[in-house]
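Structure file coords-v3.tsv (TSV, C-alpha atoms) follows.
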```tsv
chain	number	residue	atom	x	y	z
Q	1	GLN	CA	-4.55	13.18	5.96
Q	2	ALA	CA	-5.97	9.68	6.01
Q	3	ALA	CA	-7.96	10.44	2.84
Q	4	ALA	CA	-4.84	11.83	1.15
Q	5	ALA	CA	-2.88	8.70	2.09
Q	6	THR	CA	-5.65	6.49	0.71
Q	7	ALA	CA	-5.73	8.47	-2.56
Q	8	ALA	CA	-1.94	8.24	-2.85
Q	9	THR	CA	-2.07	4.48	-2.34
Q	10	ALA	CA	-4.70	4.19	-5.09
Q	11	LYS	CA	-2.43	6.15	-7.44
Q	12	VAL	CA	0.42	3.76	-6.65
Q	13	ALA	CA	-1.75	0.79	-7.57
Q	14	GLU	CA	-2.78	2.51	-10.82
Q	15	ALA	CA	0.82	3.40	-11.72
Q	16	GLU	CA	2.07	-0.10	-10.94
Q	17	ALA	CA	-0.69	-1.64	-13.05
Q	18	LEU	CA	0.30	0.62	-15.96
Q	19	HIS	CA	3.96	-0.30	-15.51
Q	20	ALA	CA	3.09	-4.02	-15.45
Q	21	ALA	CA	1.10	-3.63	-18.67
Q	22	THR	CA	4.05	-1.80	-20.25
Q	23	LEU	CA	6.39	-4.61	-19.20
Q	24	ARG	CA	4.13	-7.17	-20.87
Q	25	ALA	CA	3.92	-5.08	-24.04
Q	26	THR	CA	7.70	-4.62	-24.09
Q	27	ALA	CA	8.24	-8.35	-23.64
Q	28	THR	CA	5.93	-9.02	-26.59
Q	29	VAL	CA	7.80	-6.55	-28.79
Q	30	LEU	CA	11.15	-8.04	-27.81
Q	31	ARG	CA	9.94	-11.55	-28.67
Q	32	GLN	CA	8.74	-10.33	-32.06
Q	33	ARG	CA	12.08	-8.65	-32.67
Q	34	GLU	CA	13.93	-11.82	-31.70
Q	35	THR	CA	11.78	-13.85	-34.10
Q	36	LEU	CA	12.35	-11.43	-36.98
Q	37	VAL	CA	16.08	-11.23	-36.34
Q	38	GLY	CA	16.17	-15.02	-36.37
Q	39	GLN	CA	14.34	-15.08	-39.69
Q	40	ARG	CA	16.75	-12.51	-41.15
Q	41	THR	CA	19.73	-14.56	-39.97
Q	42	ALA	CA	18.25	-17.73	-41.46
Q	43	LEU	CA	17.57	-16.02	-44.80
Q	44	ARG	CA	21.11	-14.68	-44.97
Q	45	ALA	CA	22.51	-18.11	-44.22
Q	46	MET	CA	20.28	-19.68	-46.89
Q	47	VAL	CA	21.30	-17.13	-49.54
Q	48	GLU	CA	24.98	-17.65	-48.70
Q	49	ALA	CA	24.52	-21.42	-48.97
Q	50	ILE	CA	22.81	-21.01	-52.37
Q	51	GLU	CA	25.62	-18.72	-53.59
Q	52	ARG	CA	28.30	-21.19	-52.51
Q	53	TRP	CA	26.40	-24.04	-54.17
Q	54	GLU	CA	25.91	-22.05	-57.34
Q	55	ALA	CA	29.60	-21.16	-57.44
Q	56	GLU	CA	30.95	-24.60	-56.66
Q	57	PRO	CA	28.45	-27.49	-56.45
Q	58	GLY	CA	29.76	-30.18	-54.19
Q	59	MET	CA	33.26	-29.32	-53.01
Q	60	GLY	CA	32.06	-29.66	-49.45
Q	61	ASN	CA	29.13	-27.29	-49.98
Q	62	SER	CA	25.73	-28.57	-48.91
Q	63	ASP	CA	22.82	-28.80	-51.29
Q	64	PRO	CA	20.44	-25.97	-50.28
Q	65	SER	CA	17.40	-27.67	-51.81
Q	66	GLU	CA	15.96	-28.84	-48.47
Q	67	ALA	CA	16.34	-25.43	-46.83
Q	68	VAL	CA	14.83	-23.70	-49.87
Q	69	ALA	CA	11.86	-26.07	-49.96
Q	70	THR	CA	11.25	-25.50	-46.24
Q	71	PHE	CA	11.38	-21.74	-46.78
Q	72	LEU	CA	8.91	-21.89	-49.66
Q	73	SER	CA	6.53	-24.03	-47.59
Q	74	ASP	CA	6.76	-21.55	-44.69
Q	75	VAL	CA	5.87	-18.60	-46.94
Q	76	ARG	CA	3.11	-20.69	-48.56
Q	77	SER	CA	4.44	-20.71	-52.10
Q	78	GLU	CA	2.85	-22.81	-54.81
Q	79	LYS	CA	3.24	-26.53	-54.27
Q	80	ALA	CA	4.47	-27.02	-57.85
Q	81	LEU	CA	7.33	-24.62	-57.18
Q	82	VAL	CA	8.22	-26.37	-53.92
Q	83	ALA	CA	8.19	-29.75	-55.69
Q	84	ALA	CA	10.49	-28.48	-58.47
Q	85	VAL	CA	13.17	-27.15	-56.12
Q	86	PRO	CA	15.13	-30.36	-55.41
Q	87	ALA	CA	15.59	-31.22	-59.09
Q	88	SER	CA	16.33	-27.67	-60.23
Q	89	PHE	CA	18.76	-26.80	-57.43
Q	90	GLY	CA	20.34	-30.23	-57.55
Q	91	LEU	CA	21.74	-29.53	-61.00
Q	92	PRO	CA	24.81	-27.39	-61.64
Q	93	ARG	CA	24.22	-24.08	-63.29
Q	94	GLY	CA	25.43	-25.19	-66.72
Q	95	GLY	CA	23.32	-28.38	-66.69
Q	96	ARG	CA	19.94	-26.82	-66.03
Q	97	SER	CA	17.12	-26.53	-68.47
Q	98	ALA	CA	15.24	-23.30	-69.08
Q	99	PHE	CA	12.53	-24.52	-66.72
Q	100	ASP	CA	15.08	-25.22	-64.02
Q	101	GLU	CA	16.57	-21.74	-64.46
Q	102	ARG	CA	13.11	-20.17	-64.15
Q	103	VAL	CA	12.54	-22.18	-60.96
Q	104	VAL	CA	15.85	-20.99	-59.48
Q	105	GLN	CA	15.21	-17.38	-60.55
Q	106	GLU	CA	11.69	-17.46	-59.06
Q	107	VAL	CA	13.01	-18.86	-55.83
Q	108	MET	CA	15.69	-16.19	-55.62
Q	109	ARG	CA	13.10	-13.50	-56.36
Q	110	LEU	CA	10.85	-14.75	-53.54
Q	111	ILE	CA	13.81	-14.93	-51.17
Q	112	ALA	CA	14.81	-11.37	-52.04
Q	113	LEU	CA	11.24	-10.10	-51.51
Q	114	HIS	CA	10.99	-11.89	-48.19
Q	115	ARG	CA	14.38	-10.60	-47.08
Q	116	GLU	CA	13.33	-7.06	-47.93
Q	117	LYS	CA	10.10	-7.52	-45.96
Q	118	VAL	CA	11.93	-8.99	-42.98
Q	119	GLU	CA	14.54	-6.22	-43.00
Q	120	SER	CA	11.75	-3.62	-43.00
Q	121	GLU	CA	9.98	-5.40	-40.15
Q	122	VAL	CA	13.23	-5.68	-38.17
Q	123	LYS	CA	13.80	-1.96	-38.56
Q	124	SER	CA	10.22	-1.20	-37.53
Q	125	ILE	CA	10.28	-3.57	-34.58
Q	126	ALA	CA	13.60	-2.07	-33.45
Q	127	GLU	CA	11.95	1.35	-33.29
Q	128	SER	CA	9.00	-0.16	-31.45
Q	129	ALA	CA	11.39	-1.81	-29.00
Q	130	GLU	CA	13.09	1.51	-28.30
Q	131	LEU	CA	9.73	3.17	-27.73
Q	132	ALA	CA	8.66	0.27	-25.48
Q	133	ASP	CA	11.86	0.58	-23.45
Q	134	ALA	CA	11.32	4.32	-23.08
Q	135	GLU	CA	7.70	3.80	-22.07
Q	136	GLN	CA	8.75	1.10	-19.62
Q	137	LEU	CA	11.24	3.48	-18.00
Q	138	GLY	CA	8.63	6.23	-17.95
Q	139	THR	CA	5.99	4.11	-16.25
Q	140	TRP	CA	8.61	2.85	-13.80
Q	141	ALA	CA	9.48	6.45	-12.92
Q	142	ILE	CA	5.80	7.33	-12.51
Q	143	ALA	CA	5.25	4.32	-10.24
Q	144	SER	CA	8.37	5.17	-8.23
Q	145	CYS	CA	7.23	8.76	-7.74
Q	146	ALA	CA	3.76	7.57	-6.76
Q	147	ARG	CA	5.29	5.24	-4.17
Q	148	ASP	CA	7.38	8.10	-2.77
Q	149	VAL	CA	4.29	10.32	-2.51
Q	150	ALA	CA	2.31	7.52	-0.88
Q	151	GLU	CA	5.05	6.90	1.66
Q	152	ALA	CA	5.22	10.62	2.47
Q	153	GLU	CA	1.43	10.79	2.84
Q	154	ALA	CA	1.50	7.71	5.05
Q	155	ARG	CA	4.14	9.32	7.27
Q	156	ARG	CA	2.10	12.53	7.49
Q	157	ALA	CA	-1.02	10.53	8.30
Q	158	ALA	CA	0.88	8.66	11.02
Q	159	ASP	CA	2.19	11.95	12.42
Q	160	CYS	CA	-1.31	13.40	12.46
Q	161	ALA	CA	-2.63	10.27	14.14
Q	162	ARG	CA	0.05	10.57	16.81
Q	163	LEU	CA	-0.80	14.24	17.33
Q	164	VAL	CA	-4.49	13.44	17.61
Q	165	ASP	CA	-3.76	10.61	20.02
Q	166	GLY	CA	-1.52	12.89	22.08
Q	167	ALA	CA	-4.21	15.58	22.18
Q	168	ARG	CA	-6.78	13.00	23.22
Q	169	LYS	CA	-4.56	11.74	26.01
Q	170	THR	CA	-3.87	15.32	27.13
Q	171	GLN	CA	-7.59	16.03	27.16
Q	172	GLU	CA	-8.25	12.86	29.14
Q	173	ALA	CA	-5.52	13.80	31.65
Q	174	ALA	CA	-6.97	17.31	31.99
Q	175	ALA	CA	-10.44	15.87	32.52
Q	176	ALA	CA	-9.07	13.52	35.17
Q	177	LEU	CA	-7.30	16.43	36.88
Q	178	VAL	CA	-10.50	18.48	36.86
Q	179	GLU	CA	-12.38	15.54	38.33
Q	180	ASP	CA	-9.72	15.16	41.04
Q	181	ARG	CA	-10.01	18.87	41.85
Q	182	ARG	CA	-13.76	18.57	42.04
Q	183	ALA	CA	-13.45	15.56	44.34
Q	184	SER	CA	-10.99	17.46	46.52
Q	185	LEU	CA	-13.38	20.44	46.63
Q	186	ARG	CA	-16.26	18.20	47.60
Q	187	ALA	CA	-14.13	16.63	50.36
Q	188	ALA	CA	-13.11	20.08	51.61
Q	189	GLU	CA	-16.74	21.20	51.62
Q	190	ALA	CA	-17.67	18.07	53.59
Q	191	ARG	CA	-14.90	18.77	56.14
Q	192	GLU	CA	-15.98	22.39	56.43
Q	193	SER	CA	-19.57	21.29	56.99
Q	194	ALA	CA	-18.46	18.83	59.69
Q	195	MET	CA	-16.37	21.50	61.40
Q	196	GLN	CA	-19.27	23.93	61.25
Q	197	GLN	CA	-21.50	21.36	62.91
Q	198	ARG	CA	-18.87	20.86	65.65
Q	199	ARG	CA	-18.59	24.63	66.18
Q	200	GLU	CA	-22.34	24.89	66.49
Q	201	ALA	CA	-22.38	21.99	68.99
Q	202	LEU	CA	-19.63	23.63	71.02
Q	203	ARG	CA	-21.46	26.93	70.98
Q	204	ALA	CA	-24.63	25.22	72.17
Q	205	ALA	CA	-22.67	23.50	74.98
Q	206	GLU	CA	-21.15	26.79	76.04
Q	207	GLU	CA	-24.53	28.43	76.16
Q	208	ALA	CA	-25.86	25.52	78.25
Q	209	LEU	CA	-22.95	25.89	80.67
Q	210	GLU	CA	-23.62	29.60	80.99
Q	211	ARG	CA	-27.16	28.87	82.08
Q	212	LEU	CA	-25.98	26.62	84.96
Q	213	PRO	CA	-26.10	28.07	88.64
Q	214	THR	CA	-22.91	29.83	89.75
Q	215	THR	CA	-22.92	28.16	93.35
Q	216	MET	CA	-24.07	24.82	94.67
Q	217	ASP	CA	-26.28	26.56	97.38
Q	218	GLU	CA	-28.58	27.93	94.81
Q	219	PRO	CA	-30.91	25.18	93.81
Q	220	MET	CA	-31.48	24.71	90.17
Q	221	PRO	CA	-34.82	26.20	89.17
Q	222	GLU	CA	-36.18	22.88	88.20
Q	223	ALA	CA	-35.04	21.22	91.48
Q	224	ALA	CA	-36.69	23.97	93.57
Q	225	ASP	CA	-39.89	23.48	91.80
Q	226	LYS	CA	-39.74	19.76	92.51
Q	227	LEU	CA	-39.10	20.36	96.28
Q	228	GLY	CA	-42.16	22.53	96.47
Q	229	GLU	CA	-44.22	19.66	95.31
Q	230	VAL	CA	-42.98	17.24	98.16
Q	231	PRO	CA	-45.25	16.98	101.33
Q	232	VAL	CA	-43.90	18.62	104.57
Q	233	THR	CA	-44.19	15.41	106.61
Q	234	MET	CA	-41.89	13.61	104.16
Q	235	LEU	CA	-39.34	16.35	104.53
Q	236	VAL	CA	-39.47	16.22	108.38
Q	237	ASP	CA	-39.10	12.47	108.39
Q	238	GLY	CA	-36.20	12.72	106.12
Q	239	LEU	CA	-34.44	15.28	108.28
Q	240	GLN	CA	-34.99	13.18	111.43
Q	241	SER	CA	-33.64	10.12	109.75
Q	242	GLY	CA	-30.59	12.07	108.75
Q	243	GLY	CA	-30.04	13.36	112.35
Q	244	ALA	CA	-30.29	9.91	113.78
```

Could you quickly redo this structure as structure tokens?
Amino acid sequence: QAAAATAATAKVAEAEALHAATLRATATVLRQRETLVGQRTALRAMVEAIERWEAEPGMGNSDPSEAVATFLSDVRSEKALVAAVPASFGLPRGGRSAFDERVVQEVMRLIALHREKVESEVKSIAESAELADAEQLGTWAIASCARDVAEAEARRAADCARLVDGARKTQEAAAALVEDRRASLRAAEARESAMQQRREALRAAEEALERLPTTMDEPMPEAADKLGEVPVTMLVDGLQSGGA
């Protein structure tokens, strides 16, 4: 179980790393989309400003020459074209020369091409953003499932650890009980041995008592033997002393 929990934790780390990478990729796509949408909005505003200027120069309408020149510089158009913009766009439509008209037409052609390119890129990046969002949700789901599995494996590992610990404690208690029983048995054997020794001592004492004379008149065998060894004169003297 511990190995399974470790493997599940490793899968969580892998899934979370993948999800983090997906988040970064999605953020990049969203920034690109924001940039392109901003460019599209700016191009639309510039075209509308040019159309208003072309329809009614002045009349509160701003000269688009500066915005057009900035756009041409950003898309790296020819410097001669950028330099001709202020003079050509500054004139009303009826007062322009053929050169000025070609400048305006070229500028409008470049704007149209760039708008078409930006619109295509916005459409493409929108699809990429949708895919990135879907992938982000997918990796989030994978990471979430991996976390759930890891938590379940961790709980199972903890349960197994508790069971193992309980079994160990039970085994230790059983071993202690066996040792107590053995100690009790040894103590009982020691008491039995002591009692056996006492019984044997009592038996020996009883046998010794049985060997004693039954009356006091009968001298003990050992005492009779000793009297036989005493001289007769000592016995007579002793008797006379006693009679006196």

Just the number, please: distance in Å from CA of Ala42 in chain Q to CA of Thr26 in chain Q, one decimal.
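Separation between CA of Ala42 in chain Q and CA of Thr26 in chain Q: 24.2 Å.
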
Determine, counting all atoms listed in the file, every residue of protein, DNA or RNA that lies within 9 Å of (9.4, -27.2, -53.4) in the file coordinates, then give the result as a ChimeraX atom specification.
/Q:65-66,68-73,77-86

From the list Q:Ala3, Q:Ala15, Q:Glu119, Q:Thr28, which residue is nearest Asp133 in chain Q when using all atoms listed in the file?
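Among the listed residues, the smallest separation from Asp133 in chain Q belongs to Q:Thr28.
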
Minimum-distance residue to Ala17 in chain Q, chosen among Q:Trp140, Q:Arg76, Q:Arg155, Q:Glu116 (using only C-alpha atoms):
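Result for the nearest residue to Ala17 in chain Q: Q:Trp140.
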
For CA of Gln196 in chain Q and CA of Asp180 in chain Q, determine how far apart the two atoms are, in Å to one decimal place.
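Computing the Euclidean distance for CA of Gln196 in chain Q and CA of Asp180 in chain Q yields 24.0 Å.
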
Students should find that CA of Ala112 in chain Q and CA of Met46 in chain Q are spaced 11.2 Å

Could I get range 144-161 of chain Q rebuilt with N, CA, C and O atoms, written as a compact mmCIF listing (two decimals), keeping the file's coordinate frame?
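The result, stored in part03.txt:
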```txt
# COMPACT_ATOMS: atom_id res chain seq x y z
N SER Q 144 7.44 4.87 -9.32
CA SER Q 144 8.37 5.17 -8.23
C SER Q 144 7.98 6.46 -7.53
O SER Q 144 7.99 6.54 -6.30
N CYS Q 145 7.66 7.49 -8.33
CA CYS Q 145 7.23 8.76 -7.74
C CYS Q 145 5.94 8.58 -6.94
O CYS Q 145 5.78 9.16 -5.85
N ALA Q 146 5.02 7.80 -7.48
CA ALA Q 146 3.76 7.57 -6.76
C ALA Q 146 4.01 6.87 -5.43
O ALA Q 146 3.38 7.18 -4.42
N ARG Q 147 4.95 5.92 -5.43
CA ARG Q 147 5.29 5.24 -4.17
C ARG Q 147 5.90 6.21 -3.17
O ARG Q 147 5.59 6.16 -1.97
N ASP Q 148 6.78 7.11 -3.66
CA ASP Q 148 7.38 8.10 -2.77
C ASP Q 148 6.32 9.00 -2.15
O ASP Q 148 6.34 9.30 -0.95
N VAL Q 149 5.38 9.45 -3.01
CA VAL Q 149 4.29 10.32 -2.51
C VAL Q 149 3.44 9.57 -1.49
O VAL Q 149 3.07 10.11 -0.44
N ALA Q 150 3.13 8.31 -1.80
CA ALA Q 150 2.31 7.52 -0.88
C ALA Q 150 3.01 7.33 0.46
O ALA Q 150 2.38 7.41 1.52
N GLU Q 151 4.31 7.07 0.41
CA GLU Q 151 5.05 6.90 1.66
C GLU Q 151 5.05 8.20 2.46
O GLU Q 151 4.89 8.17 3.70
N ALA Q 152 5.24 9.34 1.77
CA ALA Q 152 5.22 10.62 2.47
C ALA Q 152 3.84 10.89 3.08
O ALA Q 152 3.73 11.35 4.23
N GLU Q 153 2.79 10.59 2.32
CA GLU Q 153 1.43 10.79 2.84
C GLU Q 153 1.17 9.86 4.02
O GLU Q 153 0.51 10.25 5.00
N ALA Q 154 1.68 8.64 3.94
CA ALA Q 154 1.50 7.71 5.05
C ALA Q 154 2.20 8.21 6.30
O ALA Q 154 1.67 8.10 7.41
N ARG Q 155 3.43 8.77 6.11
CA ARG Q 155 4.14 9.32 7.27
C ARG Q 155 3.39 10.50 7.86
O ARG Q 155 3.27 10.62 9.09
N ARG Q 156 2.86 11.38 6.98
CA ARG Q 156 2.10 12.53 7.49
C ARG Q 156 0.84 12.06 8.21
O ARG Q 156 0.47 12.61 9.25
N ALA Q 157 0.19 11.05 7.64
CA ALA Q 157 -1.02 10.53 8.30
C ALA Q 157 -0.69 9.94 9.66
O ALA Q 157 -1.42 10.13 10.64
N ALA Q 158 0.47 9.24 9.73
CA ALA Q 158 0.88 8.66 11.02
C ALA Q 158 1.21 9.76 12.02
O ALA Q 158 0.86 9.67 13.20
N ASP Q 159 1.88 10.83 11.53
CA ASP Q 159 2.19 11.95 12.42
C ASP Q 159 0.92 12.60 12.94
O ASP Q 159 0.81 12.92 14.14
N CYS Q 160 -0.03 12.80 12.05
CA CYS Q 160 -1.31 13.40 12.46
C CYS Q 160 -2.03 12.51 13.47
O CYS Q 160 -2.61 12.99 14.44
N ALA Q 161 -1.98 11.20 13.21
CA ALA Q 161 -2.63 10.27 14.14
C ALA Q 161 -1.99 10.34 15.51
O ALA Q 161 -2.67 10.31 16.54
```
